[in-house]
file entry_8.cif (mmCIF, C-alpha atoms; chains and numbers go by the auth columns)
data_start
#
loop_
_atom_site.group_PDB
_atom_site.id
_atom_site.type_symbol
_atom_site.label_atom_id
_atom_site.label_comp_id
_atom_site.label_asym_id
_atom_site.label_seq_id
_atom_site.Cartn_x
_atom_site.Cartn_y
_atom_site.Cartn_z
_atom_site.B_iso_or_equiv
_atom_site.auth_seq_id
_atom_site.auth_asym_id
ATOM 1 C CA MET A 1 -5.126 19.348 21.174 0.00 2 Q
ATOM 2 C CA ILE A 2 -8.519 17.654 20.843 0.00 3 Q
ATOM 3 C CA ASN A 3 -11.535 19.634 19.674 0.00 4 Q
ATOM 4 C CA TYR A 4 -14.999 18.502 20.816 0.00 5 Q
ATOM 5 C CA GLU A 5 -18.258 19.818 19.371 0.00 6 Q
ATOM 6 C CA PHE A 6 -21.594 19.787 21.185 0.00 7 Q
ATOM 7 C CA PRO A 7 -24.798 20.843 19.370 0.00 8 Q
ATOM 8 C CA LEU A 8 -27.271 22.909 21.350 0.00 9 Q
ATOM 9 C CA ASN A 9 -30.324 21.987 19.276 0.00 10 Q
ATOM 10 C CA GLU A 10 -31.592 19.098 17.166 0.00 11 Q
ATOM 11 C CA ARG A 11 -31.073 20.935 13.881 0.00 12 Q
ATOM 12 C CA VAL A 12 -27.315 21.315 14.379 0.00 13 Q
ATOM 13 C CA ARG A 13 -27.120 17.800 15.835 0.00 14 Q
ATOM 14 C CA LYS A 14 -28.653 16.516 12.589 0.00 15 Q
ATOM 15 C CA PHE A 15 -26.201 18.523 10.470 0.00 16 Q
ATOM 16 C CA LEU A 16 -23.222 17.161 12.424 0.00 17 Q
ATOM 17 C CA ARG A 17 -24.435 13.576 12.057 0.00 18 Q
ATOM 18 C CA ILE A 18 -25.011 13.946 8.325 0.00 19 Q
ATOM 19 C CA GLU A 19 -21.612 15.585 7.884 0.00 20 Q
ATOM 20 C CA GLU A 20 -19.890 12.692 9.664 0.00 21 Q
ATOM 21 C CA ILE A 21 -21.677 10.025 7.602 0.00 22 Q
ATOM 22 C CA PHE A 22 -20.555 11.731 4.376 0.00 23 Q
ATOM 23 C CA MET A 23 -17.024 11.926 5.800 0.00 24 Q
ATOM 24 C CA LYS A 24 -17.089 8.148 6.435 0.00 25 Q
ATOM 25 C CA MET A 25 -18.016 7.522 2.814 0.00 26 Q
ATOM 26 C CA ASP A 26 -15.390 9.945 1.485 0.00 27 Q
ATOM 27 C CA ALA A 27 -12.729 8.302 3.662 0.00 28 Q
ATOM 28 C CA GLN A 28 -13.530 4.929 2.094 0.00 29 Q
ATOM 29 C CA ILE A 29 -13.679 6.165 -1.495 0.00 30 Q
ATOM 30 C CA ASN A 30 -10.468 8.199 -1.180 0.00 31 Q
ATOM 31 C CA ASN A 31 -8.539 5.428 0.562 0.00 32 Q
ATOM 32 C CA LYS A 32 -5.856 4.220 -1.853 0.00 33 Q
ATOM 33 C CA LYS A 33 -4.956 1.050 0.045 0.00 34 Q
ATOM 34 C CA GLU A 34 -7.925 -0.339 1.936 0.00 35 Q
ATOM 35 C CA PHE A 35 -11.404 -0.201 0.447 0.00 36 Q
ATOM 36 C CA SER A 36 -14.439 -2.087 1.729 0.00 37 Q
ATOM 37 C CA ALA A 37 -17.425 -2.339 -0.586 0.00 38 Q
ATOM 38 C CA HIS A 38 -19.425 -3.777 2.337 0.00 39 Q
ATOM 39 C CA ILE A 39 -18.826 -0.619 4.413 0.00 40 Q
ATOM 40 C CA CYS A 40 -19.527 1.626 1.428 0.00 41 Q
ATOM 41 C CA PHE A 41 -22.892 -0.003 0.744 0.00 42 Q
ATOM 42 C CA ALA A 42 -23.864 0.174 4.437 0.00 43 Q
ATOM 43 C CA THR A 43 -22.827 3.841 4.596 0.00 44 Q
ATOM 44 C CA TYR A 44 -24.608 4.599 1.324 0.00 45 Q
ATOM 45 C CA PHE A 45 -27.833 3.186 2.776 0.00 46 Q
ATOM 46 C CA ASP A 46 -27.317 5.357 5.884 0.00 47 Q
ATOM 47 C CA ILE A 47 -26.942 8.389 3.602 0.00 48 Q
ATOM 48 C CA MET A 48 -30.095 7.501 1.671 0.00 49 Q
ATOM 49 C CA THR A 49 -32.027 7.165 4.939 0.00 50 Q
ATOM 50 C CA PHE A 50 -31.816 10.915 5.549 0.00 51 Q
ATOM 51 C CA ALA A 51 -31.178 12.165 1.992 0.00 52 Q
ATOM 52 C CA SER A 52 -34.419 10.656 0.678 0.00 53 Q
ATOM 53 C CA ARG A 53 -36.439 12.745 3.119 0.00 54 Q
ATOM 54 C CA GLY A 54 -37.926 15.765 1.371 0.00 55 Q
ATOM 55 C CA ASP A 55 -37.944 17.847 4.552 0.00 56 Q
ATOM 56 C CA LEU A 56 -34.123 17.824 4.708 0.00 57 Q
ATOM 57 C CA LYS A 57 -33.809 19.470 1.306 0.00 58 Q
ATOM 58 C CA VAL A 58 -36.388 22.106 2.301 0.00 59 Q
ATOM 59 C CA GLU A 59 -34.627 22.723 5.627 0.00 60 Q
ATOM 60 C CA LEU A 60 -31.261 23.160 3.909 0.00 61 Q
ATOM 61 C CA ILE A 61 -32.677 25.581 1.340 0.00 62 Q
ATOM 62 C CA GLN A 62 -34.258 27.646 4.133 0.00 63 Q
ATOM 63 C CA GLU A 63 -31.003 27.803 6.101 0.00 64 Q
ATOM 64 C CA ILE A 64 -28.955 28.630 2.998 0.00 65 Q
ATOM 65 C CA GLU A 65 -31.416 31.441 2.226 0.00 66 Q
ATOM 66 C CA LYS A 66 -31.022 32.855 5.764 0.00 67 Q
ATOM 67 C CA GLN A 67 -27.251 32.858 5.344 0.00 68 Q
ATOM 68 C CA ARG A 68 -27.589 34.523 1.907 0.00 69 Q
ATOM 69 C CA LEU A 69 -29.625 37.349 3.432 0.00 70 Q
ATOM 70 C CA LYS A 70 -27.039 37.784 6.185 0.00 71 Q
ATOM 71 C CA SER A 71 -24.195 37.886 3.674 0.00 72 Q
ATOM 72 C CA ARG A 72 -25.988 40.452 1.527 0.00 73 Q
ATOM 73 C CA SER A 73 -26.323 42.774 4.530 0.00 74 Q
ATOM 74 C CA LYS A 74 -22.588 42.675 5.302 0.00 75 Q
ATOM 75 C CA ILE A 75 -19.861 44.939 3.977 0.00 76 Q
ATOM 76 C CA LYS A 76 -18.857 43.908 0.452 0.00 77 Q
ATOM 77 C CA THR A 77 -15.384 42.520 1.032 0.00 78 Q
ATOM 78 C CA LYS A 78 -13.826 39.928 -1.283 0.00 79 Q
ATOM 79 C CA LYS A 79 -14.466 37.268 1.349 0.00 80 Q
ATOM 80 C CA ASN A 80 -18.152 38.158 1.801 0.00 81 Q
ATOM 81 C CA ILE A 81 -18.718 38.413 -1.954 0.00 82 Q
ATOM 82 C CA LYS A 82 -17.278 34.908 -2.407 0.00 83 Q
ATOM 83 C CA ILE A 83 -19.416 33.508 0.439 0.00 84 Q
ATOM 84 C CA LEU A 84 -22.543 35.006 -1.147 0.00 85 Q
ATOM 85 C CA ALA A 85 -21.626 33.620 -4.577 0.00 86 Q
ATOM 86 C CA ASP A 86 -21.038 30.158 -3.104 0.00 87 Q
ATOM 87 C CA LEU A 87 -24.362 30.243 -1.257 0.00 88 Q
ATOM 88 C CA ASN A 88 -26.187 31.293 -4.437 0.00 89 Q
ATOM 89 C CA LYS A 89 -24.621 28.365 -6.290 0.00 90 Q
ATOM 90 C CA ILE A 90 -25.465 25.888 -3.502 0.00 91 Q
ATOM 91 C CA ARG A 91 -29.101 27.008 -3.411 0.00 92 Q
ATOM 92 C CA LEU A 92 -29.451 26.513 -7.170 0.00 93 Q
ATOM 93 C CA GLN A 93 -27.900 23.044 -6.889 0.00 94 Q
ATOM 94 C CA LEU A 94 -30.296 22.076 -4.095 0.00 95 Q
ATOM 95 C CA GLU A 95 -33.319 23.295 -6.047 0.00 96 Q
ATOM 96 C CA LYS A 96 -32.284 21.223 -9.090 0.00 97 Q
ATOM 97 C CA THR A 97 -31.653 18.103 -7.018 0.00 98 Q
ATOM 98 C CA LYS A 98 -34.239 15.361 -7.534 0.00 99 Q
ATOM 99 C CA ILE A 99 -34.120 12.714 -4.837 0.00 100 Q
ATOM 100 C CA ILE A 100 -36.148 9.509 -5.018 0.00 101 Q
ATOM 101 C CA ALA A 101 -38.140 9.053 -1.829 0.00 102 Q
ATOM 102 C CA GLY A 102 -37.604 5.889 0.165 0.00 103 Q
ATOM 103 C CA PHE A 103 -35.406 3.014 -0.975 0.00 104 Q
ATOM 104 C CA ASN A 104 -36.687 2.368 -4.498 0.00 105 Q
ATOM 105 C CA PHE A 105 -33.263 3.238 -5.965 0.00 106 Q
ATOM 106 C CA GLY A 106 -34.843 4.052 -9.311 0.00 107 Q
ATOM 107 C CA GLY A 107 -35.795 0.425 -9.883 0.00 108 Q
ATOM 108 C CA ASP A 108 -32.272 -0.897 -9.256 0.00 109 Q
ATOM 109 C CA ARG A 109 -33.058 -4.448 -8.034 0.00 110 Q
ATOM 110 C CA PHE A 110 -29.424 -5.106 -7.091 0.00 111 Q
ATOM 111 C CA LEU A 111 -29.378 -2.176 -4.652 0.00 112 Q
ATOM 112 C CA HIS A 112 -32.836 -3.013 -3.341 0.00 113 Q
ATOM 113 C CA GLU A 113 -31.759 -6.581 -2.538 0.00 114 Q
ATOM 114 C CA LEU A 114 -28.563 -5.354 -0.868 0.00 115 Q
ATOM 115 C CA LYS A 115 -30.595 -2.924 1.277 0.00 116 Q
ATOM 116 C CA THR A 116 -32.919 -5.740 2.372 0.00 117 Q
ATOM 117 C CA ARG A 117 -29.955 -7.930 3.320 0.00 118 Q
ATOM 118 C CA SER A 118 -28.172 -5.081 5.124 0.00 119 Q
ATOM 119 C CA ASP A 119 -31.149 -4.883 7.498 0.00 120 Q
ATOM 120 C CA SER A 120 -30.753 -8.539 8.511 0.00 121 Q
ATOM 121 C CA PRO A 121 -28.784 -9.531 11.659 0.00 122 Q
ATOM 122 C CA PHE A 122 -25.868 -10.761 9.500 0.00 123 Q
ATOM 123 C CA GLY A 123 -25.758 -7.735 7.231 0.00 124 Q
ATOM 124 C CA ILE A 124 -24.422 -8.004 3.678 0.00 125 Q
ATOM 125 C CA VAL A 125 -22.784 -11.426 3.265 0.00 126 Q
ATOM 126 C CA SER A 126 -21.535 -12.329 -0.205 0.00 127 Q
ATOM 127 C CA THR A 127 -21.963 -16.101 0.357 0.00 128 Q
ATOM 128 C CA ASP A 128 -25.730 -15.560 0.769 0.00 129 Q
ATOM 129 C CA PHE A 129 -26.010 -13.358 -2.319 0.00 130 Q
ATOM 130 C CA PRO A 130 -24.285 -14.691 -5.475 0.00 131 Q
ATOM 131 C CA GLU A 131 -25.042 -11.482 -7.417 0.00 132 Q
ATOM 132 C CA PHE A 132 -22.991 -9.504 -4.901 0.00 133 Q
ATOM 133 C CA GLN A 133 -20.141 -12.032 -5.083 0.00 134 Q
ATOM 134 C CA PHE A 134 -20.189 -11.711 -8.881 0.00 135 Q
ATOM 135 C CA TRP A 135 -20.121 -7.901 -8.641 0.00 136 Q
ATOM 136 C CA LEU A 136 -17.120 -8.019 -6.289 0.00 137 Q
ATOM 137 C CA GLU A 137 -15.206 -10.452 -8.511 0.00 138 Q
ATOM 138 C CA SER A 138 -16.046 -8.862 -11.863 0.00 139 Q
ATOM 139 C CA THR A 139 -15.265 -5.222 -11.020 0.00 140 Q
ATOM 140 C CA SER A 140 -11.872 -3.669 -10.448 0.00 141 Q
ATOM 141 C CA PHE A 141 -10.805 -1.557 -7.490 0.00 142 Q
ATOM 142 C CA THR A 142 -11.159 1.604 -9.620 0.00 143 Q
ATOM 143 C CA GLU A 143 -14.549 0.557 -11.023 0.00 144 Q
ATOM 144 C CA ARG A 144 -15.997 -0.032 -7.558 0.00 145 Q
ATOM 145 C CA LYS A 145 -14.927 3.419 -6.412 0.00 146 Q
ATOM 146 C CA ALA A 146 -16.385 4.987 -9.559 0.00 147 Q
ATOM 147 C CA TYR A 147 -19.654 3.115 -8.900 0.00 148 Q
ATOM 148 C CA PHE A 148 -20.122 4.739 -5.502 0.00 149 Q
ATOM 149 C CA LYS A 149 -19.086 8.182 -6.746 0.00 150 Q
ATOM 150 C CA ASP A 150 -21.724 7.895 -9.463 0.00 151 Q
ATOM 151 C CA LYS A 151 -24.405 6.846 -6.961 0.00 152 Q
ATOM 152 C CA LEU A 152 -23.599 9.860 -4.775 0.00 153 Q
ATOM 153 C CA ASN A 153 -23.745 12.387 -7.632 0.00 154 Q
ATOM 154 C CA ASP A 154 -27.512 12.822 -7.256 0.00 155 Q
ATOM 155 C CA ILE A 155 -27.200 13.820 -3.601 0.00 156 Q
ATOM 156 C CA ASP A 156 -23.873 15.646 -3.778 0.00 157 Q
ATOM 157 C CA SER A 157 -25.696 18.955 -3.274 0.00 158 Q
ATOM 158 C CA ILE A 158 -26.797 17.746 0.193 0.00 159 Q
ATOM 159 C CA LYS A 159 -23.183 17.127 1.212 0.00 160 Q
ATOM 160 C CA ILE A 160 -22.020 20.466 -0.216 0.00 161 Q
ATOM 161 C CA ALA A 161 -24.790 22.379 1.590 0.00 162 Q
ATOM 162 C CA ILE A 162 -24.070 20.699 4.938 0.00 163 Q
ATOM 163 C CA LYS A 163 -20.332 21.315 4.558 0.00 164 Q
ATOM 164 C CA ALA A 164 -20.878 24.997 3.721 0.00 165 Q
ATOM 165 C CA LEU A 165 -23.278 25.575 6.624 0.00 166 Q
ATOM 166 C CA MET A 166 -21.014 23.887 9.172 0.00 167 Q
ATOM 167 C CA HIS A 167 -18.037 25.871 7.830 0.00 168 Q
ATOM 168 C CA LEU A 168 -19.963 29.119 8.370 0.00 169 Q
ATOM 169 C CA LEU A 169 -21.009 28.046 11.858 0.00 170 Q
ATOM 170 C CA ARG A 170 -17.483 27.081 12.896 0.00 171 Q
ATOM 171 C CA ASN A 171 -16.163 30.396 11.607 0.00 172 Q
ATOM 172 C CA ASN A 172 -18.584 32.117 13.988 0.00 173 Q
ATOM 173 C CA VAL A 173 -17.101 30.455 17.087 0.00 174 Q
ATOM 174 C CA GLU A 174 -16.029 32.916 19.773 0.00 175 Q
ATOM 175 C CA SER A 175 -13.601 31.196 22.144 0.00 176 Q
ATOM 176 C CA LYS A 176 -12.439 31.973 25.643 0.00 177 Q
ATOM 177 C CA LEU A 177 -9.519 30.445 27.554 0.00 178 Q
ATOM 178 C CA ILE A 178 -10.650 28.926 30.854 0.00 179 Q
ATOM 179 C CA GLU A 179 -8.631 27.545 33.744 0.00 180 Q
ATOM 180 C CA THR A 180 -10.234 25.550 36.532 0.00 181 Q
ATOM 181 C CA LYS A 181 -9.270 23.200 39.353 0.00 182 Q
ATOM 182 C CA THR A 182 -12.759 21.767 39.631 0.00 183 Q
ATOM 183 C CA GLU A 183 -14.344 19.278 37.272 0.00 184 Q
ATOM 184 C CA GLU A 184 -17.508 21.304 36.778 0.00 185 Q
ATOM 185 C CA ILE A 185 -17.968 24.903 35.647 0.00 186 Q
ATOM 186 C CA GLN A 186 -20.882 26.983 34.425 0.00 187 Q
ATOM 187 C CA TYR A 187 -20.602 29.341 31.468 0.00 188 Q
ATOM 188 C CA LYS A 188 -23.354 31.939 31.022 0.00 189 Q
ATOM 189 C CA LEU A 189 -24.990 32.349 27.622 0.00 190 Q
ATOM 190 C CA ASN A 190 -26.541 35.401 26.045 0.00 191 Q
ATOM 191 C CA PRO A 191 -30.262 34.482 26.134 0.00 192 Q
ATOM 192 C CA LEU A 192 -30.968 36.937 23.308 0.00 193 Q
ATOM 193 C CA LEU A 193 -28.907 34.871 20.860 0.00 194 Q
ATOM 194 C CA ARG A 194 -29.878 31.589 19.235 0.00 195 Q
ATOM 195 C CA ASN A 195 -26.853 29.612 20.376 0.00 196 Q
ATOM 196 C CA ASP A 196 -26.203 26.598 18.164 0.00 197 Q
ATOM 197 C CA LEU A 197 -22.855 25.020 19.002 0.00 198 Q
ATOM 198 C CA VAL A 198 -20.402 24.645 21.877 0.00 199 Q
ATOM 199 C CA THR A 199 -16.778 23.777 21.166 0.00 200 Q
ATOM 200 C CA ILE A 200 -14.332 22.616 23.820 0.00 201 Q
ATOM 201 C CA THR A 201 -10.630 22.327 23.001 0.00 202 Q
ATOM 202 C CA LEU A 202 -8.570 20.324 25.467 0.00 203 Q
ATOM 203 C CA PRO A 203 -4.913 19.278 25.472 0.00 204 Q
ATOM 204 C CA SER A 204 -4.318 15.534 25.246 0.00 205 Q
ATOM 205 C CA LYS A 205 -2.622 15.836 28.659 0.00 206 Q
ATOM 206 C CA PRO A 206 -3.995 15.930 31.298 0.00 207 Q
ATOM 207 C CA LYS A 207 -6.429 13.350 29.971 0.00 208 Q
ATOM 208 C CA CYS A 208 -9.956 14.674 30.412 0.00 209 Q
ATOM 209 C CA LEU A 209 -13.264 13.897 28.746 0.00 210 Q
ATOM 210 C CA PRO A 210 -15.722 16.792 28.471 0.00 211 Q
ATOM 211 C CA ASN A 211 -19.491 16.679 28.496 0.00 212 Q
ATOM 212 C CA ILE A 212 -22.103 19.390 28.709 0.00 213 Q
ATOM 213 C CA SER A 213 -25.658 20.091 29.742 0.00 214 Q
ATOM 214 C CA SER A 214 -27.310 23.357 28.838 0.00 215 Q
ATOM 215 C CA ASN A 215 -30.366 25.543 28.842 0.00 216 Q
ATOM 216 C CA LYS A 216 -31.178 28.941 27.371 0.00 217 Q
ATOM 217 C CA TYR A 217 -29.088 30.771 29.974 0.00 218 Q
ATOM 218 C CA ALA A 218 -26.000 28.655 30.669 0.00 219 Q
ATOM 219 C CA VAL A 219 -23.777 25.767 29.636 0.00 220 Q
ATOM 220 C CA ASN A 220 -22.621 23.405 32.363 0.00 221 Q
ATOM 221 C CA VAL A 221 -19.289 21.807 31.499 0.00 222 Q
ATOM 222 C CA HIS A 222 -18.349 18.513 33.158 0.00 223 Q
ATOM 223 C CA LEU A 223 -14.710 17.435 32.904 0.00 224 Q
ATOM 224 C CA LYS A 224 -13.985 13.833 33.783 0.00 225 Q
ATOM 225 C CA ARG A 225 -10.338 12.973 34.403 0.00 226 Q
ATOM 226 C CA LYS A 226 -9.265 9.658 32.893 0.00 227 Q
ATOM 227 C CA SER A 227 -6.779 9.051 35.691 0.00 228 Q
ATOM 228 C CA SER A 228 -8.164 7.687 38.959 0.00 229 Q
ATOM 229 C CA GLN A 229 -5.500 9.554 40.923 0.00 230 Q
ATOM 230 C CA ARG A 230 -6.589 12.715 42.669 0.00 231 Q
ATOM 231 C CA THR A 231 -4.725 15.829 41.545 0.00 232 Q
ATOM 232 C CA THR A 232 -4.933 19.552 42.138 0.00 233 Q
ATOM 233 C CA GLN A 233 -3.394 20.361 38.780 0.00 234 Q
ATOM 234 C CA PRO A 234 -5.586 22.970 37.048 0.00 235 Q
ATOM 235 C CA ILE A 235 -7.203 22.198 33.722 0.00 236 Q
ATOM 236 C CA LYS A 236 -6.837 24.724 30.926 0.00 237 Q
ATOM 237 C CA PHE A 237 -9.138 24.588 27.935 0.00 238 Q
ATOM 238 C CA LYS A 238 -10.875 26.752 25.336 0.00 239 Q
ATOM 239 C CA LEU A 239 -14.638 27.043 25.305 0.00 240 Q
ATOM 240 C CA GLY A 240 -16.350 28.448 22.241 0.00 241 Q
ATOM 241 C CA ILE A 241 -19.932 29.394 21.434 0.00 242 Q
ATOM 242 C CA ALA A 242 -21.245 29.752 17.900 0.00 243 Q
ATOM 243 C CA SER A 243 -24.502 30.803 16.260 0.00 244 Q
ATOM 244 C CA PHE A 244 -25.632 30.825 12.661 0.00 245 Q
#

call {"tool": "encode", "arguments": {"input": "entry_8.cif", "output": "structure tokens"}}
result
Amino acid sequence: MINYEFPLNERVRKFLRIEEIFMKMDAQINNKKEFSAHICFATYFDIMTFASRGDLKVELIQEIEKQRLKSRSKIKTKKNIKILADLNKIRLQLEKTKIIAGFNFGGDRFLHELKTRSDSPFGIVSTDFPEFQFWLESTSFTERKAYFKDKLNDIDSIKIAIKALMHLLRNNVESKLIETKTEEIQYKLNPLLRNDLVTITLPSKPKCLPNISSNKYAVNVHLKRKSSQRTTQPIKFKLGIASF
């Protein structure tokens, strides 16, 4: 089964993008066999592009606070008590986080030079930057991983907040099994709700690619078959809607 996620507003789209960039960095750092410092630096600069914006921290604190208020109004089960405690901790971490605006990197000239070179058409090339070549040759595999973990410590609260919010959103998904012979269907939305996310779960066979268009009242699902052969075989899939 393949699960596709489609944001219904720019806020959730931003959260999904940020989540995926952090996942790319984690995949590199946690890889025990293949590790590319070039990719890690490029991804780190992508992270700093959004993390250095003060409005992101404010937006995350506001959303965490909304979820805290919701949790406090729910029945006090062990699960809800834990969620509230986690949200309280995340908010405190965000408030303590001090992020340097822009790409000053706290006066780190090595990082500043790497960022400048990463913006060039050739990207980061060690032959054009002897200091980078020296860093690669003089540090061990373990030391390079520790370097990136240390650089991400200051913005770890951003990753934790995004992960927690997306976990809450995904837990709110209400799914429905749908079967159709056509490649386009319309699913009505409750206009009184602030719908944030659409999930579509499709089997790997038959091979279909989903896409959506939406408005306040409905989601239009477009299913494109990968095979050029015409078939009347129905398509079964799960469609889910979630709101914060």

call {"tool": "residues_around", "arguments": {"input": "entry_8.cif", "residues": "segment 62-78 of chain Q", "least_positions_apart": "4", "cutoff": "8 Å", "atoms": "only C-alpha atoms", "output": "VMD selection string"}}
result
chain Q and resid 58 82 84 to 85 88 to 89 91 to 92 95 to 96 162 166 245

call {"tool": "closest_residue", "arguments": {"input": "entry_8.cif", "among": "Q:His113, Q:Lys150, Q:Lys25, Q:Lys182", "to": "His223 of chain Q", "atoms": "all atoms listed in the file"}}
result
Q:Lys182

call {"tool": "closest_atom_pairs", "arguments": {"input": "entry_8.cif", "of": "segment 104-137 of chain Q", "to": "segment 33-48 of chain Q", "cutoff": "10 Å", "atoms": "all atoms listed in the file", "output": "Markdown table"}}
result
| residue | atom | partner | partner_atom | distance |
| --- | --- | --- | --- | --- |
| Q:Phe104 | CA | Q:Phe46 | CA | 8.5 |
| Q:Leu112 | CA | Q:Phe42 | CA | 8.7 |
| Q:Leu115 | CA | Q:Phe42 | CA | 8.0 |
| Q:Lys116 | CA | Q:Phe46 | CA | 6.9 |
| Q:Ser119 | CA | Q:Ala43 | CA | 6.8 |
| Q:Asp120 | CA | Q:Ala43 | CA | 9.4 |
| Q:Gly124 | CA | Q:Ala43 | CA | 8.6 |
| Q:Ile125 | CA | Q:His39 | CA | 6.7 |
| Q:Val126 | CA | Q:His39 | CA | 8.4 |
| Q:Ser127 | CA | Q:His39 | CA | 9.2 |
| Q:Phe133 | CA | Q:His39 | CA | 9.9 |
| Q:Leu137 | CA | Q:Ala38 | CA | 8.1 |

call {"tool": "residues_around", "arguments": {"input": "entry_8.cif", "residues": "Leu203 of chain Q", "least_positions_apart": "4", "cutoff": "8 Å", "atoms": "only C-alpha atoms", "output": "PDB file with C-alpha atoms, in the frame of the given file"}}
result
ATOM      1  CA  MET Q   2      -5.126  19.348  21.174  1.00  0.00           C
ATOM      2  CA  ILE Q   3      -8.519  17.654  20.843  1.00  0.00           C
ATOM      3  CA  ASN Q   4     -11.535  19.634  19.674  1.00  0.00           C
ATOM      4  CA  CYS Q 209      -9.956  14.674  30.412  1.00  0.00           C
ATOM      5  CA  LYS Q 237      -6.837  24.724  30.926  1.00  0.00           C
ATOM      6  CA  PHE Q 238      -9.138  24.588  27.935  1.00  0.00           C
ATOM      7  CA  LYS Q 239     -10.875  26.752  25.336  1.00  0.00           C
TER       8      LYS Q 239
END

call {"tool": "residues_near_point", "arguments": {"input": "entry_8.cif", "point": "(-23.0, 19.7, 5.5)", "cutoff": "9 Å", "atoms": "all atoms listed in the file", "output": "list of chain:residue names"}}
result
Q:Phe16, Q:Leu17, Q:Ile19, Q:Glu20, Q:Glu21, Q:Phe23, Q:Ile159, Q:Lys160, Q:Ile161, Q:Ala162, Q:Ile163, Q:Lys164, Q:Ala165, Q:Leu166, Q:Met167, Q:His168

call {"tool": "atom_distance", "arguments": {"input": "entry_8.cif", "atom1": "atom CA of Asn105 of chain Q", "atom2": "atom CA of Arg12 of chain Q"}}
result
26.7 Å

call {"tool": "atom_distance", "arguments": {"input": "entry_8.cif", "atom1": "atom CA of Leu194 of chain Q", "atom2": "atom CA of Ala219 of chain Q"}}
result
12.0 Å

call {"tool": "residues_around", "arguments": {"input": "entry_8.cif", "residues": "Pro211 of chain Q", "least_positions_apart": "3", "cutoff": "7 Å", "atoms": "all atoms listed in the file", "output": "PDB file with C-alpha atoms, in the coordinates of the input"}}
result
ATOM      1  CA  VAL Q 222     -19.289  21.807  31.499  1.00  0.00           C
ATOM      2  CA  HIS Q 223     -18.349  18.513  33.158  1.00  0.00           C
ATOM      3  CA  LEU Q 224     -14.710  17.435  32.904  1.00  0.00           C
ATOM      4  CA  LYS Q 225     -13.985  13.833  33.783  1.00  0.00           C
TER       5      LYS Q 225
END

call {"tool": "closest_residue", "arguments": {"input": "entry_8.cif", "among": "Q:Val174, Q:Ile100, Q:Val220, Q:Leu240", "to": "Thr202 of chain Q", "atoms": "only C-alpha atoms"}}
result
Q:Leu240

call {"tool": "atom_distance", "arguments": {"input": "entry_8.cif", "atom1": "atom CA of Asp157 of chain Q", "atom2": "atom CA of Arg171 of chain Q"}}
result
21.2 Å

call {"tool": "closest_residue", "arguments": {"input": "entry_8.cif", "among": "Q:Lys97, Q:Glu11, Q:Glu132, Q:Glu60", "to": "Glu114 of chain Q", "atoms": "all atoms listed in the file"}}
result
Q:Glu132

call {"tool": "resolve_selection", "arguments": {"input": "entry_8.cif", "expression": "the PyMOL selection byres ((chain Q and resi 180) around 6)", "output": "ChimeraX atom specification"}}
result
/Q:179,181,236-237

call {"tool": "write_last_selection", "arguments": {"input": "entry_8.cif", "atoms": "C-alpha atoms", "output": "compact mmCIF listing (two decimals), in the frame of the given file"}}
result
# COMPACT_ATOMS: atom_id res chain seq x y z
CA ILE Q 179 -10.65 28.93 30.85
CA THR Q 181 -10.23 25.55 36.53
CA ILE Q 236 -7.20 22.20 33.72
CA LYS Q 237 -6.84 24.72 30.93

call {"tool": "residues_near_point", "arguments": {"input": "entry_8.cif", "point": "(-16.0, 33.7, 25.1)", "cutoff": "10 Å", "atoms": "only C-alpha atoms", "output": "PyMOL selection string"}}
result
chain Q and resi 174-179+188-190+239-243

call {"tool": "closest_residue", "arguments": {"input": "entry_8.cif", "among": "Q:Met24, Q:Lys146, Q:Ile156, Q:Ile213", "to": "Phe51 of chain Q", "atoms": "all atoms listed in the file"}}
result
Q:Ile156

call {"tool": "closest_residue", "arguments": {"input": "entry_8.cif", "among": "Q:Tyr148, Q:Asp155, Q:Leu93, Q:Arg110", "to": "Ser53 of chain Q", "atoms": "all atoms listed in the file"}}
result
Q:Asp155
